[in-house]
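Containing TSV, C-alpha atoms and all ligand atoms: model-v5.tsv.
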```tsv
chain	number	residue	atom	x	y	z
A	27	MET	CA	-59.09	-56.49	-92.72
A	28	ILE	CA	-55.61	-56.84	-91.24
A	29	GLU	CA	-55.20	-54.70	-88.14
A	30	ARG	CA	-51.66	-55.58	-87.34
A	31	ARG	CA	-48.98	-57.51	-89.12
A	32	THR	CA	-45.87	-58.29	-87.22
A	33	ARG	CA	-43.02	-60.71	-87.22
A	34	ILE	CA	-41.91	-62.27	-84.00
A	35	GLY	CA	-39.50	-64.94	-82.97
A	36	ARG	CA	-35.84	-65.24	-82.02
A	37	GLU	CA	-33.97	-62.78	-84.17
A	38	ASN	CA	-31.17	-63.72	-86.53
A	39	LEU	CA	-32.57	-67.12	-87.23
A	40	ASN	CA	-32.20	-66.38	-90.90
A	41	PRO	CA	-35.28	-68.30	-91.98
A	42	ALA	CA	-35.49	-69.94	-95.37
A	43	PRO	CA	-37.93	-68.04	-97.57
A	44	GLY	CA	-41.40	-69.42	-98.11
A	45	THR	CA	-44.27	-70.55	-95.98
A	46	LEU	CA	-43.93	-74.14	-94.86
A	47	SER	CA	-47.23	-74.46	-93.10
A	48	GLY	CA	-49.95	-72.43	-91.50
A	49	TYR	CA	-52.29	-72.63	-88.58
A	50	GLU	CA	-55.39	-70.58	-88.04
A	51	LYS	CA	-57.68	-70.34	-85.10
A	52	GLU	CA	-60.33	-68.01	-83.71
A	53	LEU	CA	-58.91	-66.87	-80.36
A	54	PRO	CA	-59.92	-63.60	-78.71
A	55	ASN	CA	-57.28	-61.82	-76.56
A	56	VAL	CA	-54.74	-64.41	-77.41
A	57	ASN	CA	-51.41	-64.65	-75.70
A	58	LEU	CA	-49.02	-65.83	-78.37
A	59	TRP	CA	-47.12	-68.35	-76.31
A	60	GLN	CA	-50.38	-69.80	-74.98
A	61	PHE	CA	-51.39	-69.99	-78.58
A	62	ILE	CA	-48.31	-72.01	-79.41
A	63	GLU	CA	-49.07	-74.29	-76.46
A	64	GLN	CA	-52.58	-74.74	-77.87
A	65	GLY	CA	-51.04	-75.54	-81.24
A	66	LYS	CA	-49.03	-78.27	-79.56
A	67	LYS	CA	-52.14	-79.68	-77.91
A	68	ASP	CA	-53.89	-79.61	-81.26
A	69	LYS	CA	-50.92	-81.63	-82.48
A	70	PHE	CA	-50.23	-78.99	-85.06
A	71	ILE	CA	-46.87	-78.00	-83.71
A	72	ARG	CA	-46.07	-81.49	-82.49
A	73	ASP	CA	-42.41	-81.71	-81.61
A	74	ARG	CA	-41.42	-78.33	-83.01
A	75	LYS	CA	-39.62	-76.25	-80.44
A	76	PRO	CA	-40.92	-72.67	-80.05
A	77	SER	CA	-37.34	-71.45	-79.69
A	78	ARG	CA	-36.71	-72.62	-83.19
A	79	ILE	CA	-39.90	-71.17	-84.61
A	80	TYR	CA	-39.85	-68.06	-86.70
A	81	LEU	CA	-43.33	-66.72	-87.01
A	82	GLU	CA	-45.21	-64.35	-89.13
A	83	VAL	CA	-48.37	-63.34	-87.31
A	84	LEU	CA	-51.35	-61.76	-88.91
A	85	ILE	CA	-53.95	-60.50	-86.50
A	86	GLU	CA	-57.24	-59.84	-88.19
A	87	GLN	CA	-59.79	-58.65	-85.66
A	88	LYS	CA	-60.22	-61.70	-83.46
A	89	LYS	CA	-58.62	-64.14	-85.81
A	90	ILE	CA	-54.97	-65.00	-85.60
A	91	SER	CA	-52.97	-66.83	-88.19
A	92	ILE	CA	-49.49	-68.07	-87.60
A	93	PHE	CA	-47.32	-69.03	-90.50
A	94	PHE	CA	-44.21	-70.99	-89.86
A	95	LEU	CA	-41.60	-69.60	-92.17
A	96	SER	CA	-38.78	-71.78	-91.01
A	97	HIS	CA	-39.76	-73.70	-87.92
A	98	ILE	CA	-36.73	-75.85	-87.39
A	99	ARG	CA	-33.28	-75.25	-88.74
A	100	VAL	CA	-32.41	-77.82	-91.34
A	101	GLU	CA	-29.12	-78.81	-89.75
A	102	LYS	CA	-30.85	-79.32	-86.39
A	103	MET	CA	-33.42	-81.60	-87.98
A	104	SER	CA	-30.67	-83.56	-89.74
A	105	ASP	CA	-29.00	-84.15	-86.37
A	106	LYS	CA	-32.10	-86.01	-85.23
A	107	ILE	CA	-32.34	-88.34	-88.20
A	108	LYS	CA	-30.18	-91.46	-88.28
A	109	PRO	CA	-29.12	-93.22	-91.51
A	110	GLN	CA	-31.19	-96.20	-90.29
A	111	ASP	CA	-34.31	-94.00	-90.54
A	112	TYR	CA	-33.95	-93.85	-94.35
A	113	PHE	CA	-36.90	-96.07	-95.15
A	114	GLY	CA	-39.35	-93.52	-93.68
A	115	PHE	CA	-38.26	-91.23	-96.51
A	116	ILE	CA	-38.60	-93.89	-99.20
A	117	GLY	CA	-42.28	-94.14	-99.03
A	118	PRO	CA	-45.04	-94.83	-99.06
A	119	ARG	CA	-43.86	-98.26	-100.12
A	120	PRO	CA	-46.31	-100.61	-101.82
A	121	THR	CA	-47.52	-103.06	-99.23
A	122	VAL	CA	-48.08	-106.69	-100.11
A	123	CYS	CA	-48.89	-109.86	-98.27
A	124	VAL	CA	-46.66	-112.82	-98.99
A	125	SER	CA	-48.30	-116.21	-98.74
A	126	THR	CA	-46.31	-119.43	-98.40
A	127	ILE	CA	-46.79	-123.08	-97.49
A	128	ASP	CA	-44.48	-125.45	-95.61
A	129	SER	CA	-43.68	-129.08	-96.49
A	130	ASN	CA	-46.47	-130.29	-94.15
A	131	GLY	CA	-49.06	-128.22	-95.99
A	132	ASN	CA	-49.34	-125.48	-93.32
A	133	THR	CA	-50.07	-122.12	-94.93
A	134	ASN	CA	-48.66	-118.78	-93.79
A	135	ILE	CA	-49.28	-115.16	-94.74
A	136	ALA	CA	-47.58	-111.92	-93.59
A	137	PRO	CA	-47.28	-108.29	-94.73
A	138	TYR	CA	-44.11	-106.98	-96.38
A	139	SER	CA	-43.15	-103.55	-97.68
A	140	PHE	CA	-39.48	-104.09	-98.55
A	141	VAL	CA	-40.63	-105.33	-101.94
A	142	THR	CA	-39.34	-104.43	-105.37
A	143	PRO	CA	-39.47	-105.48	-109.02
A	144	LEU	CA	-35.96	-106.64	-110.03
A	145	SER	CA	-36.07	-107.71	-113.68
A	146	PHE	CA	-38.44	-107.62	-116.69
A	147	ASP	CA	-37.05	-110.72	-118.41
A	148	PRO	CA	-37.15	-113.02	-116.62
A	149	PRO	CA	-39.84	-111.33	-114.52
A	150	LEU	CA	-38.30	-111.24	-111.05
A	151	ILE	CA	-39.53	-109.72	-107.81
A	152	GLY	CA	-37.62	-109.35	-104.55
A	153	VAL	CA	-38.94	-109.42	-101.00
A	154	ALA	CA	-36.50	-108.56	-98.21
A	155	ALA	CA	-37.48	-110.71	-95.22
A	156	ALA	CA	-35.68	-111.18	-91.93
A	157	GLU	CA	-33.98	-114.56	-91.41
A	158	SER	CA	-36.38	-115.34	-88.54
A	159	ARG	CA	-39.55	-115.10	-90.64
A	160	ASP	CA	-41.70	-118.17	-91.31
A	161	THR	CA	-42.01	-116.75	-94.83
A	162	THR	CA	-38.25	-117.21	-95.30
A	163	ALA	CA	-38.32	-120.78	-93.92
A	164	ASN	CA	-41.31	-121.78	-96.05
A	165	CYS	CA	-39.78	-120.33	-99.22
A	166	ARG	CA	-36.69	-122.44	-98.66
A	167	GLU	CA	-38.80	-125.55	-97.94
A	168	THR	CA	-41.33	-125.51	-100.76
A	169	GLU	CA	-39.74	-123.01	-103.13
A	170	ASN	CA	-42.73	-120.91	-104.05
A	171	PHE	CA	-44.70	-117.94	-102.76
A	172	VAL	CA	-47.53	-115.59	-103.70
A	173	VAL	CA	-47.14	-111.79	-103.65
A	174	ILE	CA	-50.49	-110.13	-103.02
A	175	PRO	CA	-50.82	-106.33	-103.36
A	176	VAL	CA	-52.97	-105.09	-100.46
A	177	THR	CA	-55.92	-102.90	-101.40
A	178	GLU	CA	-58.23	-100.70	-99.35
A	179	ASP	CA	-61.08	-103.21	-98.97
A	180	TRP	CA	-58.94	-105.72	-97.05
A	181	ALA	CA	-56.16	-103.38	-95.81
A	182	GLU	CA	-56.81	-103.90	-92.10
A	183	LYS	CA	-56.92	-107.66	-92.42
A	184	GLY	CA	-53.79	-107.57	-94.56
A	185	VAL	CA	-51.85	-105.61	-91.94
A	186	LYS	CA	-53.17	-107.85	-89.16
A	187	THR	CA	-51.59	-110.89	-90.81
A	188	GLU	CA	-48.44	-109.59	-89.10
A	189	VAL	CA	-49.60	-111.55	-86.04
A	190	SER	CA	-47.01	-114.12	-85.04
A	191	LEU	CA	-48.50	-117.61	-84.76
A	192	PRO	CA	-46.95	-121.06	-84.32
A	193	ARG	CA	-46.00	-122.48	-87.74
A	194	GLU	CA	-48.85	-125.00	-87.77
A	195	GLU	CA	-51.44	-122.22	-87.30
A	196	SER	CA	-52.47	-120.06	-90.25
A	197	GLU	CA	-52.87	-116.29	-90.15
A	198	PHE	CA	-55.53	-116.61	-92.89
A	199	GLU	CA	-58.03	-117.99	-90.42
A	200	GLU	CA	-56.87	-115.75	-87.58
A	201	VAL	CA	-57.59	-112.48	-89.46
A	202	GLY	CA	-60.58	-113.72	-91.51
A	203	LEU	CA	-59.01	-114.00	-94.97
A	204	THR	CA	-59.86	-116.85	-97.34
A	205	GLU	CA	-57.29	-118.99	-99.10
A	206	LYS	CA	-57.53	-119.11	-102.90
A	207	LYS	CA	-56.04	-122.08	-104.72
A	208	SER	CA	-53.19	-120.97	-106.94
A	209	LYS	CA	-53.03	-121.96	-110.61
A	210	LYS	CA	-49.33	-122.91	-110.89
A	211	ILE	CA	-47.86	-123.24	-107.40
A	212	SER	CA	-48.75	-124.84	-104.06
A	213	ALA	CA	-48.90	-121.70	-101.85
A	214	PRO	CA	-52.42	-120.25	-101.84
A	215	GLY	CA	-53.42	-116.70	-102.75
A	216	VAL	CA	-56.04	-114.52	-101.04
A	217	LYS	CA	-59.64	-114.80	-102.30
A	218	GLU	CA	-60.48	-111.27	-101.15
A	219	ALA	CA	-57.60	-109.85	-103.23
A	220	ALA	CA	-58.04	-108.84	-106.88
A	221	ILE	CA	-54.42	-109.67	-107.74
A	222	ASN	CA	-52.38	-112.72	-106.72
A	223	ILE	CA	-48.88	-112.92	-108.18
A	224	GLU	CA	-47.64	-116.51	-108.19
A	225	CYS	CA	-43.86	-116.93	-107.93
A	226	GLU	CA	-41.38	-119.77	-108.04
A	227	PHE	CA	-38.49	-119.26	-105.63
A	228	HIS	CA	-35.60	-118.20	-107.89
A	229	LYS	CA	-32.76	-117.53	-105.44
A	230	GLU	CA	-31.92	-115.83	-102.16
A	231	GLU	CA	-29.24	-113.34	-101.26
A	232	LYS	CA	-28.23	-112.15	-97.81
A	233	ILE	CA	-28.42	-108.37	-97.89
A	234	GLY	CA	-27.41	-106.75	-94.59
A	235	ASP	CA	-29.80	-107.99	-91.90
A	236	HIS	CA	-32.41	-109.24	-94.40
A	237	ILE	CA	-32.65	-112.10	-96.87
A	238	LEU	CA	-33.67	-111.01	-100.35
A	239	LEU	CA	-36.13	-113.68	-101.47
A	240	VAL	CA	-36.20	-113.50	-105.26
A	241	GLY	CA	-39.25	-114.92	-106.99
A	242	LYS	CA	-39.80	-115.61	-110.68
A	243	ILE	CA	-43.35	-114.72	-111.60
A	244	VAL	CA	-45.10	-117.66	-113.24
A	245	PHE	CA	-48.71	-116.47	-113.21
A	246	ILE	CA	-50.69	-113.36	-112.32
A	247	ASN	CA	-54.11	-114.39	-111.11
A	248	THR	CA	-56.44	-111.39	-111.52
A	249	ASP	CA	-60.08	-110.48	-111.13
A	250	ILE	CA	-61.51	-108.24	-113.82
A	251	GLU	CA	-61.91	-105.27	-111.45
A	252	GLY	CA	-58.27	-105.55	-110.40
A	253	VAL	CA	-56.90	-104.42	-113.75
A	254	LYS	CA	-57.01	-101.04	-115.49
A	255	ASN	CA	-54.76	-100.08	-118.43
A	256	GLY	CA	-52.71	-103.22	-117.83
A	257	ARG	CA	-51.85	-102.30	-114.25
A	258	LEU	CA	-53.42	-102.30	-110.79
A	259	ASN	CA	-56.79	-100.55	-110.82
A	260	LEU	CA	-55.84	-98.35	-107.91
A	261	GLU	CA	-58.47	-95.70	-108.73
A	262	ASP	CA	-61.21	-98.15	-107.75
A	263	LEU	CA	-59.35	-100.43	-105.33
A	264	GLY	CA	-56.96	-98.05	-103.53
A	265	SER	CA	-53.40	-99.30	-103.11
A	266	LEU	CA	-52.05	-99.60	-99.55
A	267	GLY	CA	-48.75	-97.85	-98.93
A	268	HIS	CA	-46.66	-98.27	-95.79
A	269	ILE	CA	-44.93	-95.14	-94.54
A	270	LYS	CA	-43.50	-96.08	-91.15
A	271	GLY	CA	-44.70	-97.85	-88.00
A	272	GLU	CA	-48.49	-97.60	-87.94
A	273	GLU	CA	-48.64	-94.92	-90.65
A	274	PHE	CA	-50.12	-96.00	-93.95
A	275	CYS	CA	-51.76	-94.35	-96.91
A	276	ILE	CA	-54.21	-95.38	-99.59
A	277	SER	CA	-53.35	-94.23	-103.13
A	278	LYS	CA	-56.25	-93.72	-105.52
A	279	THR	CA	-55.10	-90.85	-107.72
A	280	VAL	CA	-53.24	-91.29	-110.97
A	281	SER	CA	-51.37	-88.23	-112.31
A	282	ARG	CA	-49.93	-88.13	-115.82
A	283	ILE	CA	-46.43	-86.74	-116.25
A	284	GLU	CA	-45.07	-86.38	-119.77
A	285	ARG	CA	-41.78	-88.28	-120.30
B	301	LIG	C1	-46.84	-103.07	-93.19
B	301	LIG	C2	-45.78	-104.03	-92.76
B	301	LIG	C3	-44.66	-104.23	-93.54
B	301	LIG	C4	-43.66	-105.14	-93.17
B	301	LIG	N1	-42.59	-105.30	-93.98
B	301	LIG	C5	-41.65	-106.22	-93.64
B	301	LIG	C6	-40.55	-106.45	-94.53
B	301	LIG	O1	-40.46	-105.88	-95.61
B	301	LIG	N2	-39.62	-107.37	-94.15
B	301	LIG	C7	-39.73	-108.09	-92.97
B	301	LIG	O2	-38.86	-108.92	-92.68
B	301	LIG	N3	-40.78	-107.87	-92.12
B	301	LIG	C8	-41.74	-106.97	-92.44
B	301	LIG	N4	-42.81	-106.79	-91.61
B	301	LIG	C9	-42.93	-107.60	-90.39
B	301	LIG	C10	-43.51	-109.00	-90.68
B	301	LIG	O3	-44.72	-108.91	-91.40
B	301	LIG	C11	-43.79	-109.71	-89.35
B	301	LIG	O4	-42.60	-109.93	-88.67
B	301	LIG	C12	-44.53	-111.02	-89.53
B	301	LIG	O5	-44.89	-111.55	-88.27
B	301	LIG	C13	-43.68	-112.05	-90.25
B	301	LIG	O6	-44.47	-113.21	-90.38
B	301	LIG	P1	-43.87	-114.61	-90.74
B	301	LIG	O7	-42.88	-114.97	-89.66
B	301	LIG	O8	-45.09	-115.49	-90.74
B	301	LIG	O9	-43.23	-114.51	-92.10
B	301	LIG	C14	-43.80	-105.86	-91.96
B	301	LIG	C15	-44.93	-105.66	-91.16
B	301	LIG	C16	-45.90	-104.76	-91.56
B	301	LIG	C17	-47.13	-104.56	-90.70
```
Please express the file's structure as structure tokens.
Amino acid sequence: MIERRTRIGRENLNPAPGTLSGYEKELPNVNLWQFIEQGKKDKFIRDRKPSRIYLEVLIEQKKISIFFLSHIRVEKMSDKIKPQDYFGFIGPRPTVCVSTIDSNGNTNIAPYSFVTPLSFDPPLIGVAAAESRDTTANCRETENFVVIPVTEDWAEKGVKTEVSLPREESEFEEVGLTEKKSKKISAPGVKEAAINIECEFHKEEKIGDHILLVGKIVFINTDIEGVKNGRLNLEDLGSLGHIKGEEFCISKTVSRIER
């Protein structure tokens, strides 16, 4: 039973209609601003500034619910975002490991999320790697690489391959992954992975501050459980997506959209 329903906040903020998010907590004799402070501690409000919050408060007996109708003005939020932050909005991006080998036979593996299909015929895939990466150097040296979609069962190990080691040391051993001999190229795949996509180095292109390493797919080495309906069996395996920094997600749900 609602005892009181009131709107508070700085007037004339002209909030956009619609509830963006809500927060509920049992708090007797609550002081609203303390409540907001608590919300911050609970990491609910995070970096939202109370002065920019327009609230609808429902007080039901001892329970208080705060609904943020328009917590931060859109133009203020836009001020804080730089064009260079764009990739955090293009995500989650499929996360792969790229495995390579140098001309002395030293293997290397590292995670990449600037990865995209480029062409059906020929089947081309692009990985944008910084010039400084061993992956880039090895691709140039031995002209092949393996793209390995990271799945939930080995996600932590896959991300840990980011570790920077001297070229003669392999990240495979360091993180506890096992090399799997490839069928058509010299760079190894990952035994723990259900899918290993073997590529011949097709060409490279300098794009801004990255090198687009283009690979022509010559063989897709799959385990039976890795494939469903001719694509990655993400329902069972969970596909790792990179959002930004240390934020990742695992996708396991397939939705059908008529097209
Ligand atoms: C999830 C994730 C995604 C990454 N994506 C890229 C990328 O797309 N391009 C890149 O140059 N570095 C990327 N990195 C950083 C490289 O993995 C990291 O610099 C690594 O040490 C490179 O190893 P290498 O020098 O052996 O190639 C990513 C790191 C992580 C954890």
Practice task
Provide the atom CA of Leu239 of chain A to atom CA of Ala154 of chain A distance in Å, to one decimal place.
Solution key: 6.1 Å
Exercise for the section: Kindly work out which residues sit at most 7 Å from ligand LIG 301 (chain B), using all atoms listed in the file, and give the list as a list in words. Expected result: Thr121, Asn134, Ile135, Ala136, Pro137, Tyr138, Ser139, Phe140, Val141, Val153, Ala154, Ala155, Ala156, Ser158, Arg159, Asp160, Thr161, Thr162, Val185, Glu188, Val189, Ser190, His236 and His268 of chain A
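Rounded to one decimal, atom CA of His228 of chain A and atom CA of Arg166 of chain A lie 10.2 Å from each other.
Residues with any atom within 12 Å of the point (-58.5, -115.1, -92.4), counting all atoms listed in the file, are Thr133, Asn134, Ile135, Ala136, Trp180, Glu182, Lys183, Gly184, Val185, Lys186, Thr187, Glu188, Val189, Glu195, Ser196, Glu197, Phe198, Glu199, Glu200, Val201, Gly202, Leu203, Thr204, Glu205, Lys206, Gly215, Val216, Lys217 and Glu218 of chain A.
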Mind dumping the selected residues with C-alpha atoms as a compact mmCIF listing (two decimals), keeping the file's coordinate frame?
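File written: again.txt
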```txt
# COMPACT_ATOMS: atom_id res chain seq x y z
CA THR A 133 -50.07 -122.12 -94.93
CA ASN A 134 -48.66 -118.78 -93.79
CA ILE A 135 -49.28 -115.16 -94.74
CA ALA A 136 -47.58 -111.92 -93.59
CA TRP A 180 -58.94 -105.72 -97.05
CA GLU A 182 -56.81 -103.90 -92.10
CA LYS A 183 -56.92 -107.66 -92.42
CA GLY A 184 -53.79 -107.57 -94.56
CA VAL A 185 -51.85 -105.61 -91.94
CA LYS A 186 -53.17 -107.85 -89.16
CA THR A 187 -51.59 -110.89 -90.81
CA GLU A 188 -48.44 -109.59 -89.10
CA VAL A 189 -49.60 -111.55 -86.04
CA GLU A 195 -51.44 -122.22 -87.30
CA SER A 196 -52.47 -120.06 -90.25
CA GLU A 197 -52.87 -116.29 -90.15
CA PHE A 198 -55.53 -116.61 -92.89
CA GLU A 199 -58.03 -117.99 -90.42
CA GLU A 200 -56.87 -115.75 -87.58
CA VAL A 201 -57.59 -112.48 -89.46
CA GLY A 202 -60.58 -113.72 -91.51
CA LEU A 203 -59.01 -114.00 -94.97
CA THR A 204 -59.86 -116.85 -97.34
CA GLU A 205 -57.29 -118.99 -99.10
CA LYS A 206 -57.53 -119.11 -102.90
CA GLY A 215 -53.42 -116.70 -102.75
CA VAL A 216 -56.04 -114.52 -101.04
CA LYS A 217 -59.64 -114.80 -102.30
CA GLU A 218 -60.48 -111.27 -101.15
```
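Between atom CA of Pro175 of chain A and atom CA of Pro148 of chain A the separation is 20.2 Å.
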Neighbours of Gly114 of chain A within 10 Å (all atoms listed in the file; same-chain residues fewer than 4 positions away dropped), as an mmCIF file with C-alpha atoms, in the frame of the given file?
```
data_model
loop_
_atom_site.group_PDB
_atom_site.id
_atom_site.type_symbol
_atom_site.label_atom_id
_atom_site.label_comp_id
_atom_site.auth_asym_id
_atom_site.auth_seq_id
_atom_site.Cartn_x
_atom_site.Cartn_y
_atom_site.Cartn_z
ATOM 1 C CA GLN A 110 -31.190 -96.200 -90.290
ATOM 2 C CA PRO A 118 -45.040 -94.830 -99.060
ATOM 3 C CA ARG A 119 -43.860 -98.260 -100.120
ATOM 4 C CA HIS A 268 -46.660 -98.270 -95.790
ATOM 5 C CA ILE A 269 -44.930 -95.140 -94.540
ATOM 6 C CA LYS A 270 -43.500 -96.080 -91.150
ATOM 7 C CA GLY A 271 -44.700 -97.850 -88.000
ATOM 8 C CA GLU A 273 -48.640 -94.920 -90.650
#
```
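Within 12 Å of Glu194 of chain A, once all atoms listed in the file are used and residues closer than 6 positions along the same chain are dropped, the contacting residues are Ile127, Asp128, Ser129, Asn130, Gly131, Asn132, Thr133, Asn134, Asp160 and Asn164 of chain A.
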Practice task
Identify, on the basis of only C-alpha atoms, every residue whose closest approach to Pro149 of chain A does not exceed 6 Å; exclude the query and any residue fewer than 3 positions from it along the same chain; express the result as a PyMOL selection string.
Solution key: chain A and resi 145-146+242-243
For the residues in that selection, give me C-alpha atoms as an mmCIF file, keeping the file's coordinate frame.
```cif
data_model
loop_
_atom_site.group_PDB
_atom_site.id
_atom_site.type_symbol
_atom_site.label_atom_id
_atom_site.label_comp_id
_atom_site.auth_asym_id
_atom_site.auth_seq_id
_atom_site.Cartn_x
_atom_site.Cartn_y
_atom_site.Cartn_z
ATOM 1 C CA SER A 145 -36.070 -107.710 -113.680
ATOM 2 C CA PHE A 146 -38.440 -107.620 -116.690
ATOM 3 C CA LYS A 242 -39.800 -115.610 -110.680
ATOM 4 C CA ILE A 243 -43.350 -114.720 -111.600
#
```
Handout entry: Within 12 Å of file point (-51.9, -121.8, -110.5), counting all atoms listed in the file, expressed as a PyMOL selection string
Key = chain A and resi 170-172+206-215+222-226+243-248
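Among the candidates A:Ile283, A:Ile276, A:Leu263, A:Leu150, the one nearest to Glu251 of chain A when counting only C-alpha atoms is A:Leu263.
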